[in-house]
>>> print(open('work-v6.cif').read())   # mmCIF, C-alpha atoms
data_work
loop_
_atom_site.label_atom_id
_atom_site.label_comp_id
_atom_site.auth_asym_id
_atom_site.auth_seq_id
_atom_site.Cartn_x
_atom_site.Cartn_y
_atom_site.Cartn_z
CA MET A 730 -68.94 -34.27 -86.63
CA PRO A 731 -66.14 -31.66 -86.68
CA GLU A 732 -64.21 -31.61 -89.96
CA LEU A 733 -60.81 -31.92 -88.31
CA MET A 734 -61.73 -34.96 -86.23
CA PRO A 735 -59.37 -37.77 -87.35
CA PRO A 736 -60.67 -41.20 -88.38
CA LEU A 737 -60.58 -43.99 -85.83
CA ARG A 738 -57.41 -45.67 -87.09
CA SER A 739 -55.54 -42.37 -87.00
CA MET A 740 -56.65 -41.78 -83.41
CA LEU A 741 -55.48 -45.24 -82.40
CA GLU A 742 -52.15 -44.70 -84.13
CA ARG A 743 -51.55 -41.48 -82.21
CA LEU A 744 -52.57 -42.95 -78.87
CA ILE A 745 -50.31 -45.99 -79.26
CA ALA A 746 -47.40 -43.84 -80.50
CA ALA A 747 -47.53 -41.59 -77.42
CA PRO A 748 -45.30 -43.26 -74.77
CA SER A 749 -46.98 -43.41 -71.36
CA VAL A 750 -45.29 -46.12 -69.31
CA SER A 751 -45.83 -45.89 -65.56
CA SER A 752 -43.53 -47.83 -63.29
CA VAL A 753 -42.22 -47.84 -59.74
CA ASN A 754 -38.80 -48.01 -61.42
CA ALA A 755 -37.82 -44.42 -62.22
CA GLY A 756 -35.77 -45.59 -65.19
CA TRP A 757 -38.92 -46.81 -66.93
CA ASP A 758 -41.43 -44.22 -65.73
CA GLN A 759 -42.73 -41.70 -68.29
CA SER A 760 -45.15 -38.80 -68.55
CA ASN A 761 -48.66 -39.47 -69.89
CA LEU A 762 -49.13 -35.91 -71.17
CA GLY A 763 -48.99 -36.89 -74.85
CA VAL A 764 -51.98 -39.21 -74.50
CA VAL A 765 -53.91 -36.65 -72.45
CA GLU A 766 -53.27 -33.88 -74.97
CA HIS A 767 -54.61 -35.98 -77.85
CA LEU A 768 -57.77 -36.78 -75.89
CA ALA A 769 -58.22 -33.17 -74.80
CA THR A 770 -58.08 -31.96 -78.41
CA TRP A 771 -60.59 -34.51 -79.72
CA LEU A 772 -63.04 -34.15 -76.83
CA GLU A 773 -62.98 -30.37 -77.04
CA GLN A 774 -63.84 -30.68 -80.75
CA LEU A 775 -66.86 -32.78 -79.75
CA GLY A 776 -68.07 -30.05 -77.41
CA PHE A 777 -66.83 -31.29 -74.03
CA GLY A 778 -65.50 -28.99 -71.37
CA VAL A 779 -62.03 -30.40 -70.74
CA GLU A 780 -59.81 -30.14 -67.65
CA VAL A 781 -56.20 -31.33 -67.70
CA LEU A 782 -55.25 -31.78 -64.06
CA PRO A 783 -51.58 -32.13 -62.99
CA LEU A 784 -51.04 -34.52 -60.09
CA ALA A 785 -49.47 -32.89 -57.05
CA GLY A 786 -46.16 -34.54 -56.20
CA SER A 787 -46.03 -36.48 -59.48
CA PRO A 788 -44.26 -34.37 -62.13
CA GLY A 789 -45.33 -35.16 -65.68
CA LYS A 790 -48.50 -36.98 -64.61
CA TYR A 791 -51.98 -35.74 -65.53
CA ASN A 792 -55.63 -36.68 -65.23
CA LEU A 793 -58.20 -35.59 -67.78
CA VAL A 794 -61.83 -34.82 -66.94
CA ALA A 795 -64.12 -34.07 -69.90
CA SER A 796 -67.73 -33.14 -69.12
CA ALA A 797 -70.87 -32.45 -71.11
CA GLY A 798 -74.41 -31.89 -69.85
CA SER A 799 -75.57 -31.49 -66.28
CA GLY A 800 -77.74 -33.20 -63.71
CA PRO A 801 -77.53 -35.47 -60.65
CA ASN A 802 -77.06 -38.80 -62.44
CA GLY A 803 -75.32 -39.42 -65.75
CA LEU A 804 -72.65 -41.77 -67.06
CA ILE A 805 -68.88 -41.95 -66.60
CA LEU A 806 -66.69 -43.61 -69.24
CA SER A 807 -63.33 -44.19 -67.60
CA GLY A 808 -59.92 -45.67 -68.20
CA HIS A 809 -56.23 -45.23 -67.60
CA THR A 810 -53.77 -43.62 -70.01
CA ASP A 811 -50.63 -45.48 -68.90
CA THR A 812 -49.13 -48.80 -69.94
CA VAL A 813 -46.75 -51.21 -68.28
CA PRO A 814 -43.06 -51.34 -69.33
CA PHE A 815 -42.29 -53.55 -72.32
CA ASP A 816 -39.54 -55.79 -73.66
CA GLU A 817 -39.13 -54.47 -77.20
CA GLN A 818 -36.89 -57.36 -78.27
CA LEU A 819 -39.75 -59.81 -77.62
CA TRP A 820 -42.16 -58.00 -79.93
CA HIS A 821 -42.48 -58.92 -83.61
CA THR A 822 -43.49 -55.34 -84.45
CA ASP A 823 -42.73 -51.92 -82.99
CA PRO A 824 -44.79 -51.76 -79.76
CA LEU A 825 -45.30 -47.99 -80.24
CA ARG A 826 -46.63 -48.31 -83.77
CA LEU A 827 -50.14 -49.53 -84.52
CA THR A 828 -49.80 -52.53 -86.84
CA GLU A 829 -52.68 -54.35 -88.54
CA ARG A 830 -52.18 -58.08 -89.14
CA ASP A 831 -54.43 -61.16 -89.06
CA ASP A 832 -57.56 -59.07 -88.33
CA ARG A 833 -55.91 -57.56 -85.27
CA TYR A 834 -54.40 -54.25 -84.23
CA TYR A 835 -51.06 -54.81 -82.52
CA GLY A 836 -49.41 -52.26 -80.23
CA LEU A 837 -48.73 -51.41 -76.61
CA GLY A 838 -52.04 -50.33 -75.07
CA THR A 839 -54.35 -51.77 -77.72
CA ALA A 840 -55.98 -54.11 -75.20
CA ASP A 841 -54.88 -52.51 -71.92
CA MET A 842 -56.21 -49.92 -72.56
CA LYS A 843 -55.42 -46.75 -74.49
CA ALA A 844 -57.34 -47.92 -77.57
CA PHE A 845 -60.54 -47.79 -75.52
CA PHE A 846 -60.40 -44.00 -75.57
CA GLY A 847 -60.27 -43.97 -79.36
CA LEU A 848 -63.41 -46.10 -79.45
CA VAL A 849 -65.12 -43.73 -77.01
CA VAL A 850 -64.37 -40.72 -79.20
CA GLU A 851 -65.50 -42.60 -82.30
CA ALA A 852 -68.77 -43.59 -80.60
CA LEU A 853 -69.50 -40.00 -79.61
CA LYS A 854 -68.95 -38.57 -83.09
CA ASP A 855 -72.47 -39.62 -84.10
CA LEU A 856 -74.25 -38.37 -80.94
CA ASP A 857 -75.58 -34.84 -80.48
CA LEU A 858 -74.29 -33.85 -77.05
CA ARG A 859 -76.39 -30.67 -77.06
CA HIS A 860 -79.44 -32.73 -76.13
CA LEU A 861 -77.99 -34.50 -73.08
CA LYS A 862 -80.54 -34.81 -70.28
CA GLN A 863 -77.92 -36.12 -67.84
CA PRO A 864 -74.16 -35.53 -67.77
CA LEU A 865 -71.62 -37.55 -69.72
CA VAL A 866 -68.11 -37.54 -68.22
CA ILE A 867 -64.91 -39.01 -69.66
CA LEU A 868 -62.17 -39.76 -67.12
CA ALA A 869 -58.62 -40.55 -68.25
CA THR A 870 -56.27 -41.27 -65.36
CA ALA A 871 -52.55 -41.55 -64.74
CA ASP A 872 -50.50 -44.35 -63.20
CA GLU A 873 -53.12 -47.09 -62.80
CA GLU A 874 -50.40 -49.64 -63.56
CA SER A 875 -48.20 -48.48 -60.69
CA SER A 876 -49.54 -46.36 -57.82
CA MET A 877 -53.22 -45.64 -58.65
CA CYS A 878 -52.39 -42.02 -57.78
CA GLY A 879 -54.47 -40.69 -60.66
CA VAL A 880 -57.84 -42.09 -59.68
CA ARG A 881 -57.12 -41.60 -55.97
CA SER A 882 -56.50 -37.92 -56.65
CA LEU A 883 -59.87 -37.61 -58.38
CA VAL A 884 -61.68 -39.33 -55.51
CA ASP A 885 -59.84 -37.29 -52.89
CA SER A 886 -61.05 -34.10 -54.61
CA GLY A 887 -64.55 -34.90 -53.38
CA ARG A 888 -66.14 -34.26 -56.79
CA HIS A 889 -69.20 -36.14 -57.98
CA PHE A 890 -68.70 -37.26 -61.58
CA GLY A 891 -71.79 -39.37 -62.21
CA ARG A 892 -74.06 -42.06 -60.85
CA TYR A 893 -73.08 -44.82 -63.29
CA ALA A 894 -69.61 -45.75 -64.52
CA LEU A 895 -68.06 -48.06 -67.09
CA ILE A 896 -64.32 -48.78 -67.00
CA GLY A 897 -63.02 -50.05 -70.34
CA GLU A 898 -60.45 -52.55 -69.04
CA PRO A 899 -60.08 -55.71 -71.15
CA THR A 900 -62.95 -58.10 -70.40
CA GLY A 901 -63.67 -59.53 -73.86
CA LEU A 902 -66.93 -57.52 -74.10
CA ARG A 903 -68.30 -59.26 -71.01
CA PRO A 904 -69.49 -57.17 -68.06
CA VAL A 905 -67.57 -57.69 -64.82
CA ARG A 906 -69.25 -56.56 -61.61
CA MET A 907 -66.72 -57.81 -59.08
CA HIS A 908 -63.01 -58.36 -58.82
CA LYS A 909 -60.44 -59.37 -56.27
CA GLY A 910 -58.26 -56.90 -54.44
CA VAL A 911 -54.48 -56.67 -54.60
CA SER A 912 -52.14 -56.36 -51.64
CA MET A 913 -48.37 -56.69 -51.71
CA GLU A 914 -46.57 -57.03 -48.39
CA THR A 915 -42.91 -57.10 -47.42
CA ILE A 916 -41.75 -59.09 -44.38
CA ARG A 917 -38.23 -58.42 -43.10
CA LEU A 918 -36.47 -60.27 -40.32
CA HIS A 919 -33.44 -58.74 -38.64
CA GLY A 920 -31.19 -61.21 -36.82
CA ARG A 921 -27.48 -61.17 -36.06
CA SER A 922 -24.72 -62.36 -38.35
CA GLY A 923 -21.80 -64.45 -37.13
CA HIS A 924 -19.35 -67.14 -38.13
CA SER A 925 -21.14 -70.25 -39.37
CA SER A 926 -18.87 -72.54 -37.34
CA ASN A 927 -20.73 -71.64 -34.15
CA PRO A 928 -24.51 -71.09 -34.30
CA ALA A 929 -24.40 -69.42 -30.88
CA LEU A 930 -22.55 -66.45 -32.41
CA GLY A 931 -25.56 -65.24 -34.37
CA VAL A 932 -29.33 -65.31 -34.85
CA SER A 933 -30.33 -66.65 -38.25
CA ALA A 934 -32.93 -64.52 -40.03
CA LEU A 935 -33.11 -67.18 -42.73
CA GLU A 936 -34.10 -69.91 -40.29
CA GLY A 937 -36.61 -67.49 -38.79
CA MET A 938 -38.08 -66.88 -42.23
CA HIS A 939 -38.54 -70.63 -42.60
CA LEU A 940 -40.91 -70.44 -39.61
CA VAL A 941 -42.61 -67.34 -41.03
CA ILE A 942 -43.27 -69.07 -44.35
CA GLY A 943 -44.83 -72.01 -42.57
CA GLU A 944 -47.10 -69.65 -40.64
CA ILE A 945 -48.08 -67.75 -43.79
CA LEU A 946 -48.94 -70.94 -45.66
CA ALA A 947 -51.06 -72.10 -42.74
CA TRP A 948 -52.80 -68.71 -42.76
CA ARG A 949 -53.44 -69.10 -46.49
CA ARG A 950 -55.15 -72.45 -45.88
CA GLU A 951 -57.21 -70.83 -43.13
CA LEU A 952 -58.30 -67.93 -45.36
CA GLN A 953 -59.23 -70.30 -48.17
CA SER A 954 -61.38 -72.34 -45.81
CA ARG A 955 -63.14 -69.20 -44.50
CA PHE A 956 -63.74 -67.34 -47.78
CA ARG A 957 -65.06 -68.66 -51.07
CA ASN A 958 -66.96 -67.16 -54.01
CA PRO A 959 -68.01 -69.52 -56.82
CA LEU A 960 -68.36 -66.66 -59.33
CA PHE A 961 -64.57 -66.47 -59.59
CA GLU A 962 -62.56 -68.91 -61.69
CA VAL A 963 -60.22 -69.25 -58.70
CA ASP A 964 -62.94 -69.13 -56.08
CA VAL A 965 -60.72 -68.55 -53.02
CA PRO A 966 -58.34 -65.77 -52.00
CA THR A 967 -54.81 -66.43 -53.21
CA LEU A 968 -51.49 -65.72 -51.51
CA ASN A 969 -48.27 -65.98 -53.49
CA LEU A 970 -44.74 -66.15 -52.07
CA GLY A 971 -43.17 -64.01 -54.76
CA HIS A 972 -39.62 -63.07 -53.76
CA ILE A 973 -37.14 -63.93 -51.01
CA HIS A 974 -33.63 -62.76 -50.32
CA GLY A 975 -31.38 -63.28 -47.32
CA GLY A 976 -27.77 -63.51 -46.32
CA ASP A 977 -24.64 -62.98 -48.35
CA ASN A 978 -22.30 -65.96 -47.95
CA PRO A 979 -22.50 -69.66 -47.02
CA ASN A 980 -20.08 -69.29 -44.09
CA ARG A 981 -21.95 -66.40 -42.42
CA ILE A 982 -25.05 -66.73 -40.30
CA CYS A 983 -27.79 -64.87 -42.13
CA GLY A 984 -28.38 -61.53 -40.43
CA GLN A 985 -31.27 -60.28 -42.56
CA CYS A 986 -33.93 -61.90 -44.71
CA GLU A 987 -36.78 -60.39 -46.73
CA LEU A 988 -39.91 -62.03 -48.17
CA GLN A 989 -42.41 -60.35 -50.51
CA ILE A 990 -45.93 -61.74 -50.88
CA ASP A 991 -48.95 -60.99 -53.06
CA LEU A 992 -52.43 -61.39 -51.56
CA ARG A 993 -55.62 -61.32 -53.67
CA PRO A 994 -58.66 -61.03 -51.37
CA LEU A 995 -62.26 -61.64 -52.39
CA PRO A 996 -64.99 -59.00 -52.07
CA GLY A 997 -65.90 -58.66 -48.41
CA MET A 998 -62.31 -59.07 -47.23
CA GLN A 999 -60.80 -55.81 -45.99
CA LEU A 1000 -57.12 -55.06 -46.67
CA ASP A 1001 -56.50 -53.30 -43.33
CA LEU A 1002 -58.00 -56.20 -41.38
CA LEU A 1003 -55.93 -58.73 -43.33
CA ARG A 1004 -52.74 -56.77 -42.68
CA GLY A 1005 -53.58 -56.63 -38.99
CA GLU A 1006 -54.26 -60.37 -38.92
CA LEU A 1007 -50.93 -61.15 -40.59
CA ALA A 1008 -49.05 -58.87 -38.21
CA HIS A 1009 -50.68 -60.46 -35.16
CA LYS A 1010 -49.82 -63.99 -36.27
CA LEU A 1011 -46.18 -63.18 -37.04
CA GLU A 1012 -45.63 -61.14 -33.88
CA ARG A 1013 -47.01 -63.99 -31.80
CA LEU A 1014 -44.84 -66.51 -33.70
CA LEU A 1015 -41.63 -64.56 -33.04
CA GLU A 1016 -42.34 -63.05 -29.64
CA LYS A 1017 -39.86 -65.32 -27.81
CA SER A 1018 -37.13 -65.11 -30.44
CA GLU A 1019 -34.32 -62.58 -30.78
CA LEU A 1020 -35.45 -61.70 -34.27
CA LYS A 1021 -36.84 -58.25 -35.06
CA LEU A 1022 -39.90 -58.26 -37.32
CA GLU A 1023 -40.55 -55.44 -39.81
CA LEU A 1024 -43.72 -55.33 -41.95
CA THR A 1025 -44.22 -52.81 -44.75
CA SER A 1026 -46.60 -52.38 -47.69
CA PRO A 1027 -44.94 -51.19 -50.93
CA PHE A 1028 -48.21 -49.53 -51.99
CA GLU A 1029 -51.63 -48.80 -50.56
CA GLY A 1030 -53.21 -51.81 -52.25
CA ILE A 1031 -56.36 -52.11 -54.35
CA PRO A 1032 -59.57 -53.03 -52.52
CA ALA A 1033 -61.75 -55.83 -53.81
CA MET A 1034 -64.87 -54.58 -55.62
CA GLU A 1035 -68.45 -55.76 -55.93
CA THR A 1036 -71.40 -54.00 -57.56
CA ASP A 1037 -74.81 -55.43 -56.67
CA ALA A 1038 -76.25 -57.84 -59.20
CA ASP A 1039 -79.46 -55.79 -59.41
CA ALA A 1040 -77.70 -52.43 -59.94
CA GLU A 1041 -78.96 -50.63 -63.05
CA ILE A 1042 -75.52 -50.47 -64.71
CA VAL A 1043 -75.24 -54.25 -64.30
CA ARG A 1044 -78.72 -55.01 -65.64
CA VAL A 1045 -78.30 -52.67 -68.61
CA THR A 1046 -74.89 -54.02 -69.68
CA GLU A 1047 -76.10 -57.60 -69.28
CA ALA A 1048 -79.05 -56.83 -71.55
CA LEU A 1049 -76.90 -55.06 -74.15
CA THR A 1050 -74.19 -57.75 -74.28
CA GLY A 1051 -76.36 -60.81 -73.71
CA GLN A 1052 -73.78 -61.91 -71.11
CA PRO A 1053 -74.24 -62.35 -67.35
CA ALA A 1054 -72.00 -60.09 -65.30
CA GLY A 1055 -69.05 -62.03 -63.95
CA ALA A 1056 -65.92 -61.71 -61.86
CA ALA A 1057 -62.23 -61.06 -62.53
CA ALA A 1058 -59.03 -61.79 -60.63
CA PHE A 1059 -57.28 -58.57 -61.66
CA GLY A 1060 -57.64 -55.20 -59.94
CA THR A 1061 -59.04 -52.02 -61.50
CA GLU A 1062 -59.97 -48.47 -60.56
CA ALA A 1063 -63.57 -49.57 -59.96
CA PRO A 1064 -63.49 -49.53 -56.12
CA TYR A 1065 -62.35 -45.90 -56.24
CA LEU A 1066 -65.16 -44.83 -58.55
CA LYS A 1067 -67.59 -46.66 -56.30
CA ARG A 1068 -66.18 -44.69 -53.38
CA ALA A 1069 -66.99 -41.55 -55.38
CA GLY A 1070 -70.63 -42.64 -55.54
CA ALA A 1071 -70.88 -44.40 -58.91
CA GLU A 1072 -72.40 -47.81 -59.63
CA THR A 1073 -69.51 -49.31 -61.57
CA ILE A 1074 -69.04 -52.05 -64.15
CA VAL A 1075 -65.84 -53.12 -65.91
CA LEU A 1076 -66.34 -53.82 -69.61
CA GLY A 1077 -63.94 -53.41 -72.49
CA PRO A 1078 -63.13 -54.85 -75.93
CA GLY A 1079 -59.69 -56.31 -75.20
CA ASP A 1080 -58.76 -59.62 -73.57
CA ILE A 1081 -56.93 -59.74 -70.26
CA ASP A 1082 -54.75 -62.55 -71.67
CA GLN A 1083 -53.17 -59.93 -73.96
CA ALA A 1084 -52.47 -57.43 -71.20
CA HIS A 1085 -48.80 -56.99 -70.16
CA GLN A 1086 -47.69 -59.34 -72.94
CA PRO A 1087 -45.41 -58.94 -75.98
CA ASP A 1088 -47.43 -58.57 -79.21
CA GLU A 1089 -50.43 -57.17 -77.33
CA PHE A 1090 -53.40 -56.87 -79.69
CA LEU A 1091 -57.05 -55.92 -80.07
CA GLY A 1092 -59.18 -58.01 -82.43
CA LEU A 1093 -60.81 -55.91 -85.15
CA ALA A 1094 -64.06 -57.83 -84.68
CA ARG A 1095 -64.44 -56.29 -81.21
CA ILE A 1096 -64.30 -52.66 -82.36
CA ARG A 1097 -67.73 -52.05 -83.89
CA PRO A 1098 -69.62 -53.98 -81.19
CA MET A 1099 -67.88 -51.91 -78.51
CA ILE A 1100 -68.65 -48.64 -80.29
CA GLY A 1101 -72.31 -49.64 -80.62
CA LEU A 1102 -72.44 -50.63 -76.96
CA LEU A 1103 -71.02 -47.28 -75.88
CA GLN A 1104 -73.56 -45.41 -78.00
CA ARG A 1105 -76.47 -47.37 -76.51
CA LEU A 1106 -75.18 -46.76 -72.98
CA VAL A 1107 -74.95 -43.02 -73.57
CA ARG A 1108 -78.46 -42.98 -75.01
CA HIS A 1109 -79.81 -44.94 -72.06
CA PHE A 1110 -78.17 -42.99 -69.24
CA CYS A 1111 -77.79 -39.52 -70.75
CA LEU A 1112 -80.19 -39.01 -73.69
#
>>> encode(input="work-v6.cif", output="structure tokens")
Amino acid sequence: MPELMPPLRSMLERLIAAPSVSSVNAGWDQSNLGVVEHLATWLEQLGFGVEVLPLAGSPGKYNLVASAGSGPNGLILSGHTDTVPFDEQLWHTDPLRLTERDDRYYGLGTADMKAFFGLVVEALKDLDLRHLKQPLVILATADEESSMCGVRSLVDSGRHFGRYALIGEPTGLRPVRMHKGVSMETIRLHGRSGHSSNPALGVSALEGMHLVIGEILAWRRELQSRFRNPLFEVDVPTLNLGHIHGGDNPNRICGQCELQIDLRPLPGMQLDLLRGELAHKLERLLEKSELKLELTSPFEGIPAMETDADAEIVRVTEALTGQPAGAAAFGTEAPYLKRAGAETIVLGPGDIDQAHQPDEFLGLARIRPMIGLLQRLVRHFCL
């Protein structure tokens, strides 16, 4: 182990103290370079070849690729360097300072998921990377919490990083081999405003949206009757009516109305087909009205993911944890790594209940089991 390599707690302190919020709101958005630079230094000390890759069109955003060994297979240990925004006044401690209390480490990114990288480095301190028979690759991405531009950039490069991948998102040390997708859609209706005393003077976008909502809720019932997967806690696709805004005054006919929805499809449901289905239903609903329909997607969306139950990465992590591989409702970078040719599992020491919450924490009891698990995975797939 290199003499200058810091102890685990010191690494976690530095990772948590390096701000790396990603947000679609420019006022919150930050660079992740501080986190990437820490990781680059430590991984270089361990003998990795390290690349810090700026993201085209995203100033201040960087991916890190650290590689050791060579061969056609190998293992990827992957995660994202960014966090969500935070409400500092709701925290009982400084969110950017690692605080130990009640057998827990508190701080922004302890569970989701900057602390994972510290555990990876700690696990690799005791392994001799000179004897790797297959490659070991560490991926640290930007902007998973907002645009997924980091992992999409890596996949779009066409590079092969490894045959097997573990993403350290918070799963409570339980392997997750499938998760739902995430799609957010915006529906806008353009009508015509007018004086409320005479309905004939305008075309109400708000009344039109009432019809649209009814159609969407009927579509939700239809989807939930067509698709079901008992491995999920909520075993059907969900569709949430999240935000609506229309009109400006009680005595004006509403000229414009906007609805934003969140759709969580199960594995096997394709985002582009679902968007096409929604568009067809709403166009047919409004074809005889004077309303203009506009459909947009605020972001590309995250596909649902499923790794086969008999895949080696699934069988090995089940054996090492003693837990059957399950399912999660949240999205991850796993479908993108699968697209790059890697059998992928999601498995990390944090709990998803702590993610995006004030007083986020990682239980100290999870640290050593996770480090041991990482070491056994590297030995199995690379040594």
>>> closest_residue(input="work-v6.cif", among="A:Ile1031, A:Ala1056, A:Ala785, A:Leu1022", to="Lys1010 of chain A", atoms="all atoms listed in the file")
A:Leu1022
>>> resolve_selection(input="work-v6.cif", expression="the PyMOL selection byres ((chain A and resi 906) around 6)", output="NGL selection string")
:A and (905 or 907 or 1035-1036 or 1054-1055 or 1074)
>>> closest_atom_pairs(input="work-v6.cif", of="segment 983-1046 of chain A", to="segment 937-949 of chain A", cutoff="12 Å", atoms="all atoms listed in the file", output="CSV")
residue,atom,partner,partner_atom,distance
A:Cys983,CA,A:Gly937,CA,9.8
A:Gly984,CA,A:Gly937,CA,10.3
A:Gln985,CA,A:Met938,CA,9.5
A:Cys986,CA,A:Met938,CA,6.9
A:Glu987,CA,A:Met938,CA,8.0
A:Leu988,CA,A:Met938,CA,7.9
A:Gln989,CA,A:Ile942,CA,10.7
A:Ile990,CA,A:Ile945,CA,9.5
A:Asp991,CA,A:Arg949,CA,11.4
A:Leu992,CA,A:Arg949,CA,9.3
A:Arg993,CA,A:Arg949,CA,10.8
A:Pro994,CA,A:Arg949,CA,10.8
A:Leu1003,CA,A:Trp948,CA,10.5
A:Arg1004,CA,A:Trp948,CA,11.9
A:Glu1006,CA,A:Trp948,CA,9.3
A:Leu1007,CA,A:Ile945,CA,7.9
A:Ala1008,CA,A:Ile945,CA,10.5
A:His1009,CA,A:Glu944,CA,11.3
A:Lys1010,CA,A:Glu944,CA,7.7
A:Leu1011,CA,A:Val941,CA,6.8
A:Glu1012,CA,A:Val941,CA,9.9
A:Arg1013,CA,A:Glu944,CA,10.5
A:Leu1014,CA,A:Val941,CA,7.7
A:Leu1015,CA,A:Gly937,CA,8.2
A:Glu1016,CA,A:Gly937,CA,11.7
A:Lys1017,CA,A:Gly937,CA,11.7
A:Ser1018,CA,A:Gly937,CA,8.7
A:Glu1019,CA,A:Gly937,CA,9.7
A:Leu1020,CA,A:Gly937,CA,7.4
A:Lys1021,CA,A:Gly937,CA,10.0
A:Leu1022,CA,A:Gly937,CA,9.9
A:Glu1023,CA,A:Met938,CA,12.0
>>> closest_atom_pairs(input="work-v6.cif", of="segment 776-877 of chain A", to="segment 883-888 of chain A", cutoff="12 Å", atoms="only C-alpha atoms", output="JSON lines")
{"residue": "A:Glu780", "atom": "CA", "partner": "A:Leu883", "partner_atom": "CA", "distance": 11.9}
{"residue": "A:Val781", "atom": "CA", "partner": "A:Leu883", "partner_atom": "CA", "distance": 11.8}
{"residue": "A:Leu782", "atom": "CA", "partner": "A:Leu883", "partner_atom": "CA", "distance": 9.4}
{"residue": "A:Pro783", "atom": "CA", "partner": "A:Leu883", "partner_atom": "CA", "distance": 11.0}
{"residue": "A:Leu784", "atom": "CA", "partner": "A:Leu883", "partner_atom": "CA", "distance": 9.5}
{"residue": "A:Ala785", "atom": "CA", "partner": "A:Leu883", "partner_atom": "CA", "distance": 11.5}
{"residue": "A:Tyr791", "atom": "CA", "partner": "A:Leu883", "partner_atom": "CA", "distance": 10.8}
{"residue": "A:Asn792", "atom": "CA", "partner": "A:Leu883", "partner_atom": "CA", "distance": 8.1}
{"residue": "A:Leu793", "atom": "CA", "partner": "A:Leu883", "partner_atom": "CA", "distance": 9.8}
{"residue": "A:Val794", "atom": "CA", "partner": "A:Leu883", "partner_atom": "CA", "distance": 9.2}
{"residue": "A:Ser807", "atom": "CA", "partner": "A:Leu883", "partner_atom": "CA", "distance": 11.8}
{"residue": "A:Leu868", "atom": "CA", "partner": "A:Leu883", "partner_atom": "CA", "distance": 9.3}
{"residue": "A:Ala869", "atom": "CA", "partner": "A:Leu883", "partner_atom": "CA", "distance": 10.4}
{"residue": "A:Thr870", "atom": "CA", "partner": "A:Leu883", "partner_atom": "CA", "distance": 8.7}
{"residue": "A:Ala871", "atom": "CA", "partner": "A:Leu883", "partner_atom": "CA", "distance": 10.5}
{"residue": "A:Met877", "atom": "CA", "partner": "A:Leu883", "partner_atom": "CA", "distance": 10.4}
>>> write_last_selection(input="work-v6.cif", atoms="C-alpha atoms", output="mmCIF file, keeping the file's coordinate frame")
data_model
loop_
_atom_site.group_PDB
_atom_site.id
_atom_site.type_symbol
_atom_site.label_atom_id
_atom_site.label_comp_id
_atom_site.auth_asym_id
_atom_site.auth_seq_id
_atom_site.Cartn_x
_atom_site.Cartn_y
_atom_site.Cartn_z
ATOM 1 C CA GLU A 780 -59.810 -30.140 -67.650
ATOM 2 C CA VAL A 781 -56.200 -31.330 -67.700
ATOM 3 C CA LEU A 782 -55.250 -31.780 -64.060
ATOM 4 C CA PRO A 783 -51.580 -32.130 -62.990
ATOM 5 C CA LEU A 784 -51.040 -34.520 -60.090
ATOM 6 C CA ALA A 785 -49.470 -32.890 -57.050
ATOM 7 C CA TYR A 791 -51.980 -35.740 -65.530
ATOM 8 C CA ASN A 792 -55.630 -36.680 -65.230
ATOM 9 C CA LEU A 793 -58.200 -35.590 -67.780
ATOM 10 C CA VAL A 794 -61.830 -34.820 -66.940
ATOM 11 C CA SER A 807 -63.330 -44.190 -67.600
ATOM 12 C CA LEU A 868 -62.170 -39.760 -67.120
ATOM 13 C CA ALA A 869 -58.620 -40.550 -68.250
ATOM 14 C CA THR A 870 -56.270 -41.270 -65.360
ATOM 15 C CA ALA A 871 -52.550 -41.550 -64.740
ATOM 16 C CA MET A 877 -53.220 -45.640 -58.650
#
>>> closest_residue(input="work-v6.cif", among="A:Ser751, A:Ser912, A:Gly778, A:Ile1081", to="Leu1002 of chain A", atoms="all atoms listed in the file")
A:Ser912
>>> residues_around(input="work-v6.cif", residues="Met734 of chain A", least_positions_apart="6", cutoff="9 Å", atoms="all atoms listed in the file", output="list in words")
Met740, Trp771, Gln774, Leu775 and Lys854 of chain A
>>> closest_residue(input="work-v6.cif", among="A:Val750, A:Val866, A:Ala797, A:Leu1049", to="Val813 of chain A", atoms="all atoms listed in the file")
A:Val750
>>> resolve_selection(input="work-v6.cif", expression="the PyMOL selection byres ((chain A and resi 924) around 7)", output="ChimeraX atom specification")
/A:923,925-927,930,980-982
>>> closest_residue(input="work-v6.cif", among="A:His1085, A:Ile896, A:Ile867, A:Leu861", to="Val779 of chain A", atoms="all atoms listed in the file")
A:Ile867
>>> resolve_selection(input="work-v6.cif", expression="the PyMOL selection byres ((chain A and resi 858) around 9)", output="ChimeraX atom specification")
/A:775-777,797-798,853,856-857,859-861,865,1112
>>> residues_around(input="work-v6.cif", residues="Met842 of chain A", least_positions_apart="4", cutoff="10 Å", atoms="all atoms listed in the file", output="PyMOL selection string")
chain A and resi 745+808-812+837-838+846-847+896-899+1077-1079+1084+1091
